[in-house]
Every structure is written in structure tokens, then in C-alpha cells.
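These notes are about the structure you will find just below.
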Amino acid sequence: MKIMKPLILISNDDGYHAKGLNSLIDMLSDLGDILVCAPESARSGFATAFSATTPLRLKLRRKREGVEVWSCNGTPVDCVKLALSQLCPRRPDMVIGGINHGDNGSVNSHYSGTMGVTREGCMKYIPSVAFSLCDYRDDADFEPLRSIVRKITAKVLAEGLPKGTCLNVNFPKAAEFKGVKVCRMAKGTWGNEVVRARHPRGYDYYWLVGEYTNDEPEATDTDNWALNHGYVAITPTTIDVTDYAMFERLKDCADEFC
């Protein structure tokens, strides 16, 4: 009897053509059957958005033994939803977002389409991981990530993850890493986010840009600190966003609101 390999569903927010995604396929193709469904073009910043009013299309881009690559005209979350509904021959053993071109540490996690992929898989109770490299270049070098990406993937395939928890894994831009740290999300803020310009036809238009500030630069247990000091940062991330300390406080005064 033929033993089925694990099925790994991969998506991203840089597009099916991105080097990071194709590097990931190369890194993992011997660990399982790979099904890719990724946006047809870049969808950075789409977080967990999905298309409620736009018809979606799928296109098979390439296929070989153990690997299928599809594109979708929607968001990263659309890609996961369509793949699970229309493309997967069975329930995936793992969902992976990435490898992203750029940092998804700290509050960037909330905006990230790569993390949108991972959260969507997690909400379906499928073990899910996001991989990101702090290098936005199209030709970024992903080879230094290979060993750690493979080890994390193999461990999650073998042991799974708790329901409602996914992993946000960020790599610094480096030829070698000092090690791996399990971190919390740094507290950070974006400022100077809008640049206004004047169009020749007489109206203003705007670019969303921004400057990120780590609001606790001395804290050594955060993802920002790890990345800035040459370490790979793994941040366990939960779907449940309940503030349980405030939950207990509010329980004690709930009658005041009646």
C-alpha cells in the first residue's frame, strides 16, 4: 500500500511568482506533497481580508510530481479558502504562509497577508506557520533560512500545534544567524504614514508609507530585539484576542452597566 506524504498548503502575499515562495517549495518538496495557491500579484497589507463582492478565478500555473502551483485573483485568505474548498484532495496537514519578502514582527503581524494565510489555516484548526525574511528585495537570499525552515516544518508536521495557536517566524537579514529565540510581540507604532502630493490636474493625492518605532527598544524578550541582534524570532500567536485580565475586571463591575 502506498503511504501518502503529508499535504502542505502554501500561500503568500507577494504573489505566486515570488522568489520567497518558490524557495520555500524547493526547501520542503521532499517533506510532503506541496499545493500552492497564491495571489496572481502582490497583495501585501491585506491581513485577513477576503473578497465578498468580487468573483474569484483560479489558474493552474505549473504541475509536477508532488507540486501544484495555482494562482488566484483574490487576497491571500481567498487563496486559502479556495484551495481548501476546490483544490485540496484531502485536508492539509499544514498551512504555511511565505516566505515573505519583509519583516512581519511586532504590529506588522496584524497587517500582514502572510499572517493572514497563517491565521486562516489556524482558524480551520490546521497547524499553521508563517515564515518571513527581513529583506524586501525581489532577489533576496533565502538560502540561509533552509535548515531552520525545514526543522520547524518537520517538527510541526510531526507534533502539530495547539488548536488556536500558530507560529510567526521572522528571520533577520544575515548570512548566518546567532540562534533562535522564542519571543513575544514587541510594542511598536507606525508614524508619518501619509505623504500628500499635488496632482497636475489640481487635486491632492496620498501615498501610505510610514516609519516604524520600537516603543520598548531595551526589552530583550521581544521579536524586534531578537531580529535586531541577529536571532531568528519565533512568536506563538493566538486567534483568541480576549484580554483575560480585563475580562476578570469587567466581570466584577458588569452590573454597573445595566
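Chain labels run A, B, ... following the order of the C-alpha cells; each chain numbers its residues from 1, and ligands are numbered from 1 in the order shown.
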
I want to know what sits within 8 Å of segment 44-48 of chain A, based on only C-alpha atoms, with residues of the same chain fewer than 3 positions away left out; could you give that as an mmCIF file with N, CA, C and O atoms, in the first residue's frame?
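Result written to part26.cif:
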data_model
loop_
_atom_site.group_PDB
_atom_site.id
_atom_site.type_symbol
_atom_site.label_atom_id
_atom_site.label_comp_id
_atom_site.auth_asym_id
_atom_site.auth_seq_id
_atom_site.Cartn_x
_atom_site.Cartn_y
_atom_site.Cartn_z
ATOM 1 N N ASP A 13 1.673 36.630 0.285
ATOM 2 C CA ASP A 13 1.053 37.885 -0.164
ATOM 3 C C ASP A 13 1.920 38.609 -1.185
ATOM 4 O O ASP A 13 1.625 39.737 -1.563
ATOM 5 N N ASP A 14 2.991 37.961 -1.645
ATOM 6 C CA ASP A 14 3.865 38.552 -2.656
ATOM 7 C C ASP A 14 3.551 38.072 -4.061
ATOM 8 O O ASP A 14 4.099 38.600 -5.035
ATOM 9 N N THR A 75 -7.379 37.766 -2.493
ATOM 10 C CA THR A 75 -6.472 38.041 -1.387
ATOM 11 C C THR A 75 -5.782 36.759 -0.933
ATOM 12 O O THR A 75 -6.175 35.656 -1.339
ATOM 13 N N PRO A 76 -4.773 36.870 -0.053
ATOM 14 C CA PRO A 76 -4.171 35.656 0.493
ATOM 15 C C PRO A 76 -5.185 34.744 1.189
ATOM 16 O O PRO A 76 -5.132 33.514 1.027
ATOM 17 N N VAL A 77 -6.107 35.321 1.944
ATOM 18 C CA VAL A 77 -7.126 34.499 2.600
ATOM 19 C C VAL A 77 -8.051 33.851 1.576
ATOM 20 O O VAL A 77 -8.436 32.682 1.725
ATOM 21 N N HIS A 110 -0.264 42.234 12.356
ATOM 22 C CA HIS A 110 -1.693 42.498 12.187
ATOM 23 C C HIS A 110 -2.047 42.909 10.752
ATOM 24 O O HIS A 110 -3.172 42.697 10.300
ATOM 25 N N TYR A 111 -1.108 43.524 10.057
ATOM 26 C CA TYR A 111 -1.347 43.976 8.688
ATOM 27 C C TYR A 111 -1.004 42.918 7.650
ATOM 28 O O TYR A 111 -1.449 42.983 6.503
ATOM 29 N N SER A 112 -0.222 41.940 8.035
ATOM 30 C CA SER A 112 0.433 41.035 7.101
ATOM 31 C C SER A 112 -0.511 40.062 6.409
ATOM 32 O O SER A 112 -1.250 39.320 7.058
ATOM 33 N N GLY A 113 -0.441 40.015 5.079
ATOM 34 C CA GLY A 113 -1.158 38.984 4.341
ATOM 35 C C GLY A 113 -0.557 37.608 4.557
ATOM 36 O O GLY A 113 -1.266 36.598 4.502
ATOM 37 N N THR A 114 0.753 37.552 4.811
ATOM 38 C CA THR A 114 1.394 36.277 5.133
ATOM 39 C C THR A 114 0.814 35.697 6.411
ATOM 40 O O THR A 114 0.509 34.506 6.494
ATOM 41 N N MET A 115 0.644 36.553 7.417
ATOM 42 C CA MET A 115 -0.001 36.108 8.648
ATOM 43 C C MET A 115 -1.494 35.875 8.439
ATOM 44 O O MET A 115 -2.105 35.064 9.136
ATOM 45 N N GLY A 116 -2.096 36.556 7.471
ATOM 46 C CA GLY A 116 -3.491 36.272 7.127
ATOM 47 C C GLY A 116 -3.655 34.836 6.665
ATOM 48 O O GLY A 116 -4.602 34.137 7.050
ATOM 49 N N VAL A 117 -2.719 34.371 5.833
ATOM 50 C CA VAL A 117 -2.708 32.968 5.403
ATOM 51 C C VAL A 117 -2.653 32.049 6.613
ATOM 52 O O VAL A 117 -3.414 31.070 6.733
ATOM 53 N N ARG A 119 -3.223 32.686 9.863
ATOM 54 C CA ARG A 119 -4.390 32.769 10.744
ATOM 55 C C ARG A 119 -5.584 32.017 10.152
ATOM 56 O O ARG A 119 -6.353 31.387 10.877
ATOM 57 N N GLU A 120 -5.745 32.092 8.837
ATOM 58 C CA GLU A 120 -6.858 31.378 8.210
ATOM 59 C C GLU A 120 -6.705 29.875 8.403
ATOM 60 O O GLU A 120 -7.671 29.177 8.737
#

Requested in this report: From the DSSP assignment of the backbone, select every residue of segment 63-209 of chain A that is strand (DSSP E), and format the answer as a ChimeraX atom specification.
Outcome: /A:63-64,67-72,94-101,128-133,165-171,179-182,188-191,194-198,204-208

Write out the residues from the selection above, keeping C-alpha atoms, as a short mmCIF file (atom, residue, chain, number, x, y, z; two decimals), in the first residue's frame.
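result23.cif written:
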data_model
loop_
_atom_site.label_atom_id
_atom_site.label_comp_id
_atom_site.auth_asym_id
_atom_site.auth_seq_id
_atom_site.Cartn_x
_atom_site.Cartn_y
_atom_site.Cartn_z
CA LYS A 63 2.40 21.00 -12.08
CA ARG A 64 4.93 18.26 -11.50
CA VAL A 67 3.91 20.00 -6.56
CA GLU A 68 0.98 22.02 -7.92
CA VAL A 69 1.04 25.81 -8.19
CA TRP A 70 -2.19 27.76 -8.65
CA SER A 71 -2.84 31.49 -8.72
CA CYS A 72 -5.96 33.39 -7.66
CA MET A 94 -0.07 22.03 7.49
CA VAL A 95 -0.62 25.54 6.13
CA ILE A 96 2.40 27.78 5.54
CA GLY A 97 2.50 31.48 4.68
CA GLY A 98 5.61 32.82 2.98
CA ILE A 99 8.44 33.03 2.74
CA ASN A 100 7.61 36.73 2.90
CA HIS A 101 9.85 39.42 1.48
CA SER A 128 -0.04 26.80 10.55
CA VAL A 129 3.24 28.72 10.36
CA ALA A 130 4.34 31.98 8.75
CA PHE A 131 7.93 32.49 7.59
CA SER A 132 9.29 35.97 6.81
CA LEU A 133 12.72 37.39 5.99
CA THR A 165 -2.22 28.80 18.03
CA CYS A 166 0.02 29.45 15.02
CA LEU A 167 3.68 30.43 14.72
CA ASN A 168 5.04 33.70 13.36
CA VAL A 169 8.68 33.08 12.41
CA ASN A 170 10.87 36.00 11.35
CA PHE A 171 14.46 35.84 10.10
CA GLY A 179 20.45 31.33 17.14
CA VAL A 180 16.70 31.05 17.60
CA LYS A 181 14.68 32.84 20.28
CA VAL A 182 11.06 32.34 21.28
CA GLY A 188 5.60 49.31 18.33
CA THR A 189 3.87 52.05 16.39
CA TRP A 190 3.83 53.44 12.87
CA GLY A 191 4.06 57.20 12.33
CA VAL A 194 0.77 59.62 4.85
CA VAL A 195 2.57 61.63 2.17
CA ARG A 196 0.41 64.18 0.41
CA ALA A 197 1.17 65.36 -3.11
CA ARG A 198 -0.49 67.70 -5.57
CA ASP A 204 -4.41 66.22 -3.76
CA TYR A 205 -3.48 62.55 -3.66
CA TYR A 206 -1.83 60.46 -0.98
CA TRP A 207 0.74 57.70 -0.54
CA LEU A 208 0.62 55.45 2.51
#

**Report entry** Residue nearest Phe177 of chain A among A:Ile3, A:Ala226, A:Ile148, A:Val232 (counting only C-alpha atoms)
**Finding:**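 Under the stated criterion, the closest residue is A:Val232.
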
Requested in this report: Write down as a PyMOL selection string the residues of segment 95-196 of chain A whose backbone DSSP state falls under alpha helix (DSSP H).
Outcome: chain A and resi 108-111+113-123+146-159

Take the residues from that selection and write them out as a compact mmCIF listing (two decimals), in the first residue's frame, keeping C-alpha atoms.
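result_31.txt, freshly written:
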# COMPACT_ATOMS: atom_id res chain seq x y z
CA ASN A 108 3.27 44.28 11.33
CA SER A 109 1.76 40.90 12.11
CA HIS A 110 -1.69 42.50 12.19
CA TYR A 111 -1.35 43.98 8.69
CA GLY A 113 -1.16 38.98 4.34
CA THR A 114 1.39 36.28 5.13
CA MET A 115 0.00 36.11 8.65
CA GLY A 116 -3.49 36.27 7.13
CA VAL A 117 -2.71 32.97 5.40
CA THR A 118 -1.48 31.50 8.66
CA ARG A 119 -4.39 32.77 10.74
CA GLU A 120 -6.86 31.38 8.21
CA GLY A 121 -5.28 27.95 8.45
CA CYS A 122 -5.22 28.21 12.23
CA MET A 123 -8.91 29.14 12.32
CA ARG A 146 16.74 26.50 4.67
CA SER A 147 17.83 24.44 7.66
CA ILE A 148 15.64 26.21 10.21
CA VAL A 149 12.59 26.32 7.92
CA ARG A 150 12.91 22.58 7.34
CA LYS A 151 13.37 21.79 11.04
CA ILE A 152 10.36 23.86 12.11
CA THR A 153 8.20 22.40 9.36
CA ALA A 154 9.22 18.83 10.20
CA LYS A 155 8.54 19.39 13.90
CA VAL A 156 5.09 20.88 13.28
CA LEU A 157 4.21 18.06 10.86
CA ALA A 158 5.25 15.51 13.48
CA GLU A 159 3.81 17.12 16.60

Requested in this report: Counting only C-alpha atoms, figure out which residue out of A:Leu24, A:Leu60, A:Gly66, A:Asp93 gets nearest to Ile8 of chain A.
Outcome: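 Among the listed residues, the smallest separation from Ile8 of chain A belongs to A:Asp93.
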
Query - From A:Leu250, A:Cys37, A:Asp221, A:Pro200, residue lying nearest Gln86 of chain A [only C-alpha atoms] - result: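 Using only C-alpha atoms, the shortest distance to Gln86 of chain A belongs to A:Cys37.
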
Report task. Using only C-alpha atoms, find the one residue out of A:Leu7, A:Val241, A:Ala233, A:Leu58 that sits nearest to Lys178 of chain A. Result ->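 The answer is A:Ala233, which sits nearest to Lys178 of chain A.
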
Report summary line: Pairwise distance, atom CA of Lys59 of chain A with atom CA of Pro89 of chain A, equals 16.7 Å

**Report entry** Within 9 Å of Cys88 of chain A using only C-alpha atoms, minus same-chain residues under 4 positions, as a list in words
**Finding:** Leu7, Leu9, Leu35, Leu82, Ala83, Leu84 and Pro92 of chain A
